[in-house]
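Q: Provided below: query01.cif, containing mmCIF, C-alpha atoms and all ligand atoms.
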```
data_coords
#
loop_
_atom_site.group_PDB
_atom_site.id
_atom_site.type_symbol
_atom_site.label_atom_id
_atom_site.label_comp_id
_atom_site.auth_asym_id
_atom_site.auth_seq_id
_atom_site.Cartn_x
_atom_site.Cartn_y
_atom_site.Cartn_z
ATOM 1 C CA MET A 1 8.902 -3.327 21.719
ATOM 2 C CA TRP A 2 5.370 -3.909 20.536
ATOM 3 C CA ILE A 3 2.673 -6.364 21.486
ATOM 4 C CA TYR A 4 -0.382 -7.101 19.371
ATOM 5 C CA GLU A 5 -3.860 -6.544 20.793
ATOM 6 C CA LYS A 6 -6.412 -8.734 19.041
ATOM 7 C CA LYS A 7 -8.845 -5.958 18.182
ATOM 8 C CA LEU A 8 -9.260 -3.049 15.782
ATOM 9 C CA GLN A 9 -9.078 0.557 16.952
ATOM 10 C CA TYR A 10 -12.457 1.192 15.318
ATOM 11 C CA PRO A 11 -15.200 -1.290 14.315
ATOM 12 C CA VAL A 12 -15.041 -1.496 10.510
ATOM 13 C CA ARG A 13 -18.367 -1.981 8.742
ATOM 14 C CA VAL A 14 -18.563 -2.450 4.986
ATOM 15 C CA ASP A 15 -22.034 -2.492 3.463
ATOM 16 C CA THR A 16 -21.464 -3.598 -0.161
ATOM 17 C CA THR A 17 -18.741 -5.500 -2.010
ATOM 18 C CA ASN A 18 -16.969 -2.921 -4.200
ATOM 19 C CA PRO A 19 -13.529 -3.714 -5.705
ATOM 20 C CA ALA A 20 -13.266 -0.325 -7.447
ATOM 21 C CA LEU A 21 -13.654 1.484 -4.125
ATOM 22 C CA ALA A 22 -11.104 -0.895 -2.537
ATOM 23 C CA GLN A 23 -8.531 0.195 -5.121
ATOM 24 C CA MET A 24 -9.079 3.853 -4.142
ATOM 25 C CA ILE A 25 -8.988 3.200 -0.371
ATOM 26 C CA ILE A 26 -5.657 1.381 -0.826
ATOM 27 C CA GLU A 27 -4.158 4.864 -1.346
ATOM 28 C CA GLN A 28 -4.071 5.087 2.468
ATOM 29 C CA PHE A 29 -2.560 1.593 2.813
ATOM 30 C CA GLY A 30 0.569 2.195 0.749
ATOM 31 C CA GLY A 31 0.398 5.733 -0.669
ATOM 32 C CA ALA A 32 2.780 8.609 0.114
ATOM 33 C CA ASP A 33 0.479 10.207 2.716
ATOM 34 C CA GLY A 34 -1.005 6.920 3.926
ATOM 35 C CA GLU A 35 -0.998 5.173 7.280
ATOM 36 C CA LEU A 36 2.092 3.028 6.640
ATOM 37 C CA SER A 37 4.137 6.124 5.789
ATOM 38 C CA ALA A 38 2.814 7.843 8.909
ATOM 39 C CA GLY A 39 3.648 4.943 11.237
ATOM 40 C CA ILE A 40 7.159 4.348 9.884
ATOM 41 C CA ARG A 41 7.922 8.088 9.732
ATOM 42 C CA TYR A 42 7.045 8.819 13.369
ATOM 43 C CA LEU A 43 8.571 5.676 14.830
ATOM 44 C CA THR A 44 11.799 6.303 12.894
ATOM 45 C CA GLN A 45 12.119 9.931 14.025
ATOM 46 C CA ARG A 46 12.041 9.104 17.745
ATOM 47 C CA TRP A 47 15.759 8.562 18.299
ATOM 48 C CA ALA A 48 16.805 12.128 17.501
ATOM 49 C CA MET A 49 14.064 13.855 19.549
ATOM 50 C CA PRO A 50 15.400 16.088 22.368
ATOM 51 C CA THR A 51 12.444 16.061 24.810
ATOM 52 C CA ASN A 52 10.552 13.311 26.580
ATOM 53 C CA GLN A 53 7.213 14.740 25.434
ATOM 54 C CA ALA A 54 8.243 14.405 21.779
ATOM 55 C CA LYS A 55 9.679 10.900 22.292
ATOM 56 C CA ALA A 56 6.432 9.766 23.908
ATOM 57 C CA LEU A 57 4.223 11.444 21.323
ATOM 58 C CA LEU A 58 6.050 9.986 18.303
ATOM 59 C CA THR A 59 5.936 6.555 19.933
ATOM 60 C CA ASP A 60 2.220 6.736 20.643
ATOM 61 C CA ILE A 61 1.067 8.374 17.406
ATOM 62 C CA GLY A 62 3.351 6.073 15.377
ATOM 63 C CA THR A 63 1.756 3.104 17.104
ATOM 64 C CA GLU A 64 -1.753 4.462 16.511
ATOM 65 C CA GLU A 65 -0.932 4.878 12.800
ATOM 66 C CA LEU A 66 -0.181 1.158 12.568
ATOM 67 C CA ALA A 67 -3.660 0.552 14.004
ATOM 68 C CA HIS A 68 -5.028 2.853 11.268
ATOM 69 C CA TRP A 69 -3.091 0.850 8.674
ATOM 70 C CA GLU A 70 -4.851 -2.259 9.993
ATOM 71 C CA ILE A 71 -8.242 -0.512 9.711
ATOM 72 C CA ILE A 72 -7.510 0.422 6.071
ATOM 73 C CA GLY A 73 -6.380 -3.131 5.250
ATOM 74 C CA THR A 74 -9.605 -4.401 6.831
ATOM 75 C CA ILE A 75 -11.768 -2.032 4.752
ATOM 76 C CA VAL A 76 -9.966 -3.138 1.569
ATOM 77 C CA TRP A 77 -10.316 -6.813 2.487
ATOM 78 C CA LYS A 78 -14.019 -6.528 3.343
ATOM 79 C CA LEU A 79 -14.689 -4.674 0.069
ATOM 80 C CA VAL A 80 -13.197 -7.477 -2.067
ATOM 81 C CA LYS A 81 -13.360 -10.732 -0.127
ATOM 82 C CA ASP A 82 -16.743 -11.831 -1.532
ATOM 83 C CA ALA A 83 -16.276 -10.416 -5.029
ATOM 84 C CA PRO A 84 -16.679 -12.915 -7.878
ATOM 85 C CA ILE A 85 -14.249 -12.559 -10.810
ATOM 86 C CA GLU A 86 -16.918 -10.963 -12.997
ATOM 87 C CA GLN A 87 -17.236 -8.169 -10.429
ATOM 88 C CA ILE A 88 -13.454 -7.558 -10.504
ATOM 89 C CA LYS A 89 -12.941 -7.646 -14.280
ATOM 90 C CA GLY A 90 -12.943 -4.215 -15.869
ATOM 91 C CA THR A 91 -12.558 -2.362 -12.528
ATOM 92 C CA PRO A 92 -9.416 -0.504 -11.383
ATOM 93 C CA PHE A 93 -8.869 -3.410 -8.917
ATOM 94 C CA GLU A 94 -8.212 -5.860 -11.777
ATOM 95 C CA ALA A 95 -4.531 -4.875 -12.100
ATOM 96 C CA HIS A 96 -4.083 -5.368 -8.339
ATOM 97 C CA TYR A 97 -5.818 -8.747 -8.543
ATOM 98 C CA VAL A 98 -3.476 -10.208 -11.169
ATOM 99 C CA ASN A 99 -0.472 -9.553 -8.915
ATOM 100 C CA HIS A 100 -1.853 -9.913 -5.359
ATOM 101 C CA GLY A 101 -5.185 -11.692 -5.626
ATOM 102 C CA LYS A 102 -7.467 -10.253 -2.975
ATOM 103 C CA SER A 103 -4.693 -9.570 -0.451
ATOM 104 C CA PRO A 104 -4.007 -5.933 0.367
ATOM 105 C CA TYR A 105 -0.558 -4.741 -0.735
ATOM 106 C CA PRO A 106 1.116 -1.438 0.157
ATOM 107 C CA HIS A 107 0.845 0.525 -3.049
ATOM 108 C CA ASP A 108 -1.138 3.658 -3.833
ATOM 109 C CA ALA A 109 -4.416 3.891 -5.769
ATOM 110 C CA SER A 110 -2.571 3.945 -9.094
ATOM 111 C CA GLY A 111 -0.332 0.987 -8.191
ATOM 112 C CA VAL A 112 2.923 2.754 -7.214
ATOM 113 C CA PRO A 113 4.526 0.596 -4.499
ATOM 114 C CA TRP A 114 5.293 2.004 -1.049
ATOM 115 C CA THR A 115 8.845 3.261 -0.635
ATOM 116 C CA ALA A 116 10.837 4.758 2.236
ATOM 117 C CA ALA A 117 11.363 7.745 -0.078
ATOM 118 C CA PHE A 118 7.819 8.804 0.944
ATOM 119 C CA ILE A 119 9.147 9.755 4.393
ATOM 120 C CA ASN A 120 12.133 11.422 5.968
ATOM 121 C CA SER A 121 13.978 11.527 9.247
ATOM 122 C CA LYS A 122 16.317 14.509 9.171
ATOM 123 C CA GLY A 123 17.898 14.138 12.587
ATOM 124 C CA ASP A 124 16.658 17.690 13.140
ATOM 125 C CA PRO A 125 13.634 17.795 15.457
ATOM 126 C CA ILE A 126 12.295 21.112 14.141
ATOM 127 C CA ALA A 127 12.406 19.915 10.524
ATOM 128 C CA ASP A 128 10.914 16.540 11.475
ATOM 129 C CA LEU A 129 8.001 17.948 13.495
ATOM 130 C CA HIS A 130 7.164 20.334 10.655
ATOM 131 C CA GLU A 131 7.154 17.357 8.265
ATOM 132 C CA ASP A 132 4.853 15.522 10.662
ATOM 133 C CA MET A 133 2.375 18.397 10.849
ATOM 134 C CA ALA A 134 2.316 18.656 7.046
ATOM 135 C CA ALA A 135 1.897 14.878 6.780
ATOM 136 C CA GLU A 136 -1.168 14.994 9.042
ATOM 137 C CA GLU A 137 -2.753 17.721 6.918
ATOM 138 C CA LYS A 138 -2.017 15.755 3.738
ATOM 139 C CA ALA A 139 -3.560 12.623 5.248
ATOM 140 C CA ARG A 140 -6.615 14.674 6.262
ATOM 141 C CA ALA A 141 -6.959 16.004 2.725
ATOM 142 C CA THR A 142 -6.674 12.492 1.257
ATOM 143 C CA TYR A 143 -9.437 11.304 3.567
ATOM 144 C CA GLU A 144 -11.627 14.168 2.384
ATOM 145 C CA TRP A 145 -11.142 13.188 -1.281
ATOM 146 C CA LEU A 146 -11.874 9.580 -0.394
ATOM 147 C CA ILE A 147 -15.022 10.539 1.527
ATOM 148 C CA ASN A 148 -16.156 12.527 -1.541
ATOM 149 C CA ILE A 149 -15.942 9.495 -3.853
ATOM 150 C CA CYS A 150 -17.251 6.944 -1.328
ATOM 151 C CA ASP A 151 -20.924 5.973 -1.335
ATOM 152 C CA ASP A 152 -20.724 3.082 1.135
ATOM 153 C CA PRO A 153 -22.111 4.322 4.506
ATOM 154 C CA GLY A 154 -20.015 1.883 6.580
ATOM 155 C CA VAL A 155 -16.759 2.770 4.812
ATOM 156 C CA LYS A 156 -17.595 6.467 4.998
ATOM 157 C CA ASP A 157 -18.059 6.175 8.754
ATOM 158 C CA ALA A 158 -14.585 4.636 9.218
ATOM 159 C CA LEU A 159 -13.008 7.226 6.878
ATOM 160 C CA ARG A 160 -14.545 10.042 8.948
ATOM 161 C CA PHE A 161 -13.088 8.539 12.121
ATOM 162 C CA LEU A 162 -9.630 8.333 10.521
ATOM 163 C CA ARG A 163 -9.881 11.902 9.197
ATOM 164 C CA GLN A 164 -10.719 13.127 12.692
ATOM 165 C CA ARG A 165 -7.662 11.371 14.146
ATOM 166 C CA GLU A 166 -5.333 13.195 11.737
ATOM 167 C CA ILE A 167 -6.734 16.498 13.010
ATOM 168 C CA VAL A 168 -5.956 15.490 16.605
ATOM 169 C CA HIS A 169 -2.458 14.363 15.613
ATOM 170 C CA PHE A 170 -1.789 17.706 13.893
ATOM 171 C CA GLN A 171 -2.794 19.489 17.099
ATOM 172 C CA ARG A 172 -0.527 17.317 19.288
ATOM 173 C CA PHE A 173 2.461 17.679 16.933
ATOM 174 C CA GLY A 174 2.002 21.449 17.067
ATOM 175 C CA GLU A 175 2.217 21.308 20.869
ATOM 176 C CA ALA A 176 5.301 19.086 20.709
ATOM 177 C CA LEU A 177 6.942 21.502 18.265
ATOM 178 C CA ARG A 178 6.431 24.394 20.701
ATOM 179 C CA ILE A 179 7.850 22.345 23.598
ATOM 180 C CA VAL A 180 10.896 21.305 21.543
ATOM 181 C CA GLN A 181 11.450 24.864 20.337
ATOM 182 C CA GLU A 182 11.428 26.152 23.927
ATOM 183 C CA GLU A 183 13.857 23.450 24.994
ATOM 184 C CA LEU A 184 16.260 24.268 22.157
ATOM 185 C CA ASP A 185 16.055 28.003 22.983
ATOM 186 C CA ARG A 186 16.726 27.254 26.646
ATOM 187 C CA ARG A 187 19.830 25.219 25.730
ATOM 188 C CA LYS A 188 21.096 28.048 23.560
ATOM 189 C CA TYR A 189 20.852 30.758 26.231
ATOM 190 C CA TYR A 190 21.879 28.995 29.435
ATOM 191 C CA MET B 1 -18.647 -14.545 17.743
ATOM 192 C CA ASP B 2 -21.940 -14.251 19.629
ATOM 193 C CA ARG B 3 -23.669 -11.026 20.540
ATOM 194 C CA GLU B 4 -22.472 -11.038 24.145
ATOM 195 C CA GLN B 5 -18.808 -11.476 23.196
ATOM 196 C CA LYS B 6 -19.094 -8.799 20.516
ATOM 197 C CA MET B 7 -20.606 -6.342 22.991
ATOM 198 C CA LEU B 8 -17.822 -6.919 25.502
ATOM 199 C CA LEU B 9 -15.173 -6.580 22.800
ATOM 200 C CA LYS B 10 -16.717 -3.338 21.564
ATOM 201 C CA GLU B 11 -16.757 -1.992 25.104
ATOM 202 C CA ILE B 12 -13.056 -2.816 25.430
ATOM 203 C CA MET B 13 -12.435 -1.098 22.076
ATOM 204 C CA ASP B 14 -14.224 2.017 23.355
ATOM 205 C CA TYR B 15 -12.107 2.260 26.511
ATOM 206 C CA SER B 16 -8.963 1.435 24.599
ATOM 207 C CA PHE B 17 -9.635 4.290 22.188
ATOM 208 C CA ALA B 18 -10.427 6.706 25.016
ATOM 209 C CA LEU B 19 -7.063 5.751 26.553
ATOM 210 C CA VAL B 20 -5.214 6.497 23.291
ATOM 211 C CA GLU B 21 -6.818 9.923 23.272
ATOM 212 C CA THR B 22 -5.989 10.757 26.909
ATOM 213 C CA ALA B 23 -2.446 9.354 26.518
ATOM 214 C CA LEU B 24 -1.669 11.537 23.484
ATOM 215 C CA TYR B 25 -2.993 14.571 25.328
ATOM 216 C CA LEU B 26 -0.935 13.750 28.408
ATOM 217 C CA ASP B 27 2.207 13.302 26.316
ATOM 218 C CA THR B 28 2.180 17.068 25.732
ATOM 219 C CA HIS B 29 0.340 18.081 28.964
ATOM 220 C CA PRO B 30 1.943 15.822 31.612
ATOM 221 C CA TYR B 31 0.836 18.041 34.540
ATOM 222 C CA ASP B 32 -2.861 18.200 33.658
ATOM 223 C CA GLU B 33 -4.504 16.654 36.727
ATOM 224 C CA GLU B 34 -7.992 16.684 35.211
ATOM 225 C CA ALA B 35 -6.790 14.655 32.197
ATOM 226 C CA LEU B 36 -4.838 12.307 34.462
ATOM 227 C CA LYS B 37 -7.918 11.604 36.533
ATOM 228 C CA LEU B 38 -9.817 10.756 33.359
ATOM 229 C CA HIS B 39 -6.985 8.574 32.053
ATOM 230 C CA ASN B 40 -6.595 6.649 35.288
ATOM 231 C CA GLY B 41 -10.339 6.017 35.490
ATOM 232 C CA PHE B 42 -10.424 4.661 31.920
ATOM 233 C CA SER B 43 -7.366 2.548 32.630
ATOM 234 C CA GLN B 44 -8.946 0.912 35.659
ATOM 235 C CA LYS B 45 -12.143 0.100 33.771
ATOM 236 C CA TYR B 46 -10.132 -1.166 30.779
ATOM 237 C CA SER B 47 -8.134 -3.598 32.950
ATOM 238 C CA GLN B 48 -11.306 -4.978 34.511
ATOM 239 C CA LEU B 49 -12.958 -5.544 31.129
ATOM 240 C CA VAL B 50 -9.838 -7.170 29.642
ATOM 241 C CA SER B 51 -9.624 -9.613 32.576
ATOM 242 C CA LEU B 52 -13.288 -10.458 32.174
ATOM 243 C CA TYR B 53 -12.859 -11.021 28.427
ATOM 244 C CA GLN B 54 -9.757 -13.157 28.918
ATOM 245 C CA ALA B 55 -11.506 -15.382 31.474
ATOM 246 C CA LYS B 56 -14.522 -15.879 29.209
ATOM 247 C CA TYR B 57 -13.097 -15.939 25.687
ATOM 248 C CA GLY B 58 -9.299 -16.207 25.901
ATOM 249 C CA PRO B 59 -6.345 -13.825 25.518
ATOM 250 C CA LEU B 60 -6.441 -10.575 23.562
ATOM 251 C CA LYS B 61 -2.641 -10.463 23.855
ATOM 252 C CA ASN B 62 -0.236 -13.390 23.664
ATOM 253 C CA ASN B 63 1.253 -12.642 27.087
ATOM 254 C CA GLN B 64 -2.035 -13.439 28.869
ATOM 255 C CA MET B 65 -3.002 -16.751 30.441
ATOM 256 C CA SER B 66 -5.092 -19.307 28.585
ATOM 257 C CA GLY B 67 -6.745 -22.660 29.270
ATOM 258 C CA CYS B 68 -5.939 -25.661 27.066
ATOM 259 C CA PRO B 69 -6.042 -25.486 24.086
ATOM 260 C CA TRP B 70 -4.304 -22.114 23.563
ATOM 261 C CA ALA B 71 -7.278 -19.841 22.930
ATOM 262 C CA TYR B 72 -5.317 -16.880 21.518
ATOM 263 C CA ILE B 73 -5.505 -18.406 18.034
ATOM 264 C CA ASN B 74 -9.310 -18.593 18.019
ATOM 265 C CA GLY B 75 -11.122 -16.718 15.275
ATOM 266 C CA PRO B 76 -12.624 -14.533 14.201
ATOM 267 C CA TRP B 77 -9.531 -12.321 13.946
ATOM 268 C CA PRO B 78 -10.164 -8.567 14.155
ATOM 269 C CA TRP B 79 -10.398 -8.047 10.381
ATOM 270 C CA GLU B 80 -12.963 -10.884 10.099
ATOM 271 C CA ILE B 81 -15.471 -9.656 12.659
ATOM 272 C CA ASP B 82 -18.898 -8.545 11.509
ATOM 273 C CA PHE B 83 -19.480 -5.688 13.948
ATOM 274 C CA ASP B 84 -23.241 -5.499 13.372
ATOM 275 C CA LEU B 85 -24.986 -6.833 16.465
HETATM 276 FE FE FE C 1 -3.650 7.839 10.719
HETATM 277 FE FE FE C 2 -2.012 10.728 11.945
#
```
Could you quickly redo this structure as structure tokens?
Ligand SMILES: [Fe+2]
Ligand SMILES: [Fe+2]
A:
Amino acid sequence: MWIYEKKLQYPVRVDTTNPALAQMIIEQFGGADGELSAGIRYLTQRWAMPTNQAKALLTDIGTEELAHWEIIGTIVWKLVKDAPIEQIKGTPFEAHYVNHGKSPYPHDASGVPWTAAFINSKGDPIADLHEDMAAEEKARATYEWLINICDDPGVKDALRFLRQREIVHFQRFGEALRIVQEELDRRKYY
Amino acid sequence: MDREQKMLLKEIMDYSFALVETALYLDTHPYDEEALKLHNGFSQKYSQLVSLYQAKYGPLKNNQMSGCPWAYINGPWPWEIDFDL
């Protein structure tokens, strides 16, 4: 089960209202390599994992990804909450606004809605852990593109934190893969 | 949210994050005594700070105790907090 803790994983600071930037950041809210995909992917893959280390790791990283999803939603919200209509009109956020107002919604930067087709759970731990490692690298790359286009110091700071987490997750998944591989080899030979 | 409450909350957030980091490490290194010592120390400090926060400002989780009225609902919610001190 889960229980909500009334706090963010990282203190989100946004310096300037900027709907256009919000529309780009939303890539990580509902895009293919975003935080929602990450959370649902890892939590869904737990059942078919053969070792306790991998079960624990997918549970804990999956849970952390939902905290990242909350951070991204908070950045998006803080970037648009005070925006007058004139500041929304003509920006890439305008199309989002006519459907969702200022609420975040899980779609990517170009408006494609989140779908379970972004993730997989193969029932094969080796395939799944490789997918997870690739997913972390893709999330890291997305954060780097976002950092490149972002000129808000507060938002940049949060994006750097999130980028760093994906690097740690990649490392941990690599360790889990090795542990699972050894376990599967052991089962084969004894 | 006044400065004092914000500072306590941020301290809790710091320990909470440190615990996520040690927990993930321990998930793949369950016999690492050095990491366990670190984790257990953070955990103890975290529990103390959470109890202090709960007594002063109300629950951070809905399974904690509260005076009347139920203080869990009090704003600002996490996404509304201005973290500048
Ligand atoms: Fe993440
Ligand atoms: Fe991640």
Q: Distance limit 9 Å, reference ligand FE 2 (chain C), atoms considered: all atoms listed in the file. Which residues make the cut? Give them as a VMD selection string.
A: chain A and resid 34 to 35 38 to 39 61 to 62 64 to 65 68 132 to 133 135 to 137 139 to 140 162 to 163 165 to 170
Q: Translate the PyMOL selection byres ((chain B) within 6 of (chain A)), as applied to the file shown, into an explicit residue set as a ChimeraX atom specification.
A: /B:27-28,60-61,78-79
Q: Got a sec to resolve the PyMOL selection byres (((chain B and resi 8-14) around 7) and not hetatm) on this structure and send the residues as a list in words?
A: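 With the PyMOL selection byres (((chain B and resi 8-14) around 7) and not hetatm) on this model, the match is Gln9 of chain A; Glu4, Gln5, Lys6, Met7, Tyr15, Ser16, Phe17, Ala18, Tyr46, Leu49 and Val50 of chain B.
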Q: List, as a ChimeraX atom specification, every residue that the PyMOL selection byres (((chain A and resi 92-107) around 9) and not hetatm) selects in the file provided.
A: /A:19-24,26-32,36,73-74,76-77,80-81,88-91,108-115
Q: CA of His130 (chain A) to CA of Tyr189 (chain A): how many Å, to one decimal?
A: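 It comes out at 23.2 Å.
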Q: For a test of reading the model, state the distance in Å between CA of Pro59 (chain B) and CA of Asp82 (chain B), rounded to one decimal.
A: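 These two atoms are separated by 19.5 Å.
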Q: At a cut-off of 12 Å, using all atoms listed in the file, what residues contact Ser66 (chain B)? Leave out same-chain residues fewer than 4 positions from it and give the result as a list in words.
A: Ser51, Tyr53, Gln54, Ala55, Lys56, Tyr57, Gly58, Pro59, Leu60, Lys61, Asn62, Trp70, Ala71, Tyr72, Ile73 and Asn74 of chain B
Q: In Å, with one decimal, what is the gap from CA of Ala158 (chain A) to CA of Arg46 (chain A)?
A: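 Interatomic distance, CA of Ala158 (chain A) to CA of Arg46 (chain A): 28.3 Å.
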Q: Nearest residue to ligand FE 1 (chain C) out of A:Trp69, A:Tyr190, A:Phe118, A:Trp145, using all atoms listed in the file?
A: A:Trp69
Q: Residues within 9 Å of region 32-38 of chain B, please, as an NGL selection string. Count all atoms listed in the file; anything in the same chain fewer than 3 positions from it doesn't count.
A: :B and (19 or 22-23 or 25-26 or 29 or 41-43)
Q: Looking at A:Met49, A:Asp152, A:Val180, A:Arg160, which one is nearest to ligand FE 1 (chain C), with distances taken over all atoms listed in the file?
A: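 Checking each candidate against ligand FE 1 (chain C), we get A:Arg160 as the closest.
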Q: Let me make sure I understand: among A:Asn148, A:Lys122, A:Met1, A:Tyr143, which one has the smallest atom-to-atom distance to ligand FE 1 (chain C) if we use all atoms listed in the file?
A: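 Closest to ligand FE 1 (chain C) of all the choices is A:Tyr143.
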Q: Between A:Ala127, A:Leu184, A:Ala141, A:Leu79, which residue has the minimum interatomic distance to ligand FE 1 (chain C), considering all atoms listed in the file?
A: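 Result for the nearest residue to ligand FE 1 (chain C): A:Ala141.
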Q: Smallest atom-to-atom distance to ligand FE 1 (chain C): which of A:Ala67, A:Val155, A:Ile25, A:Leu43, using only C-alpha atoms and all ligand atoms?
A: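 Selected residue with least distance to ligand FE 1 (chain C): A:Ala67.
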Q: Quick one: of A:Ile119, A:Ile40, A:Ile126, A:Leu66, who's nearest to ligand FE 1 (chain C), counting all atoms listed in the file?
A: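 Nearest to ligand FE 1 (chain C): A:Leu66.
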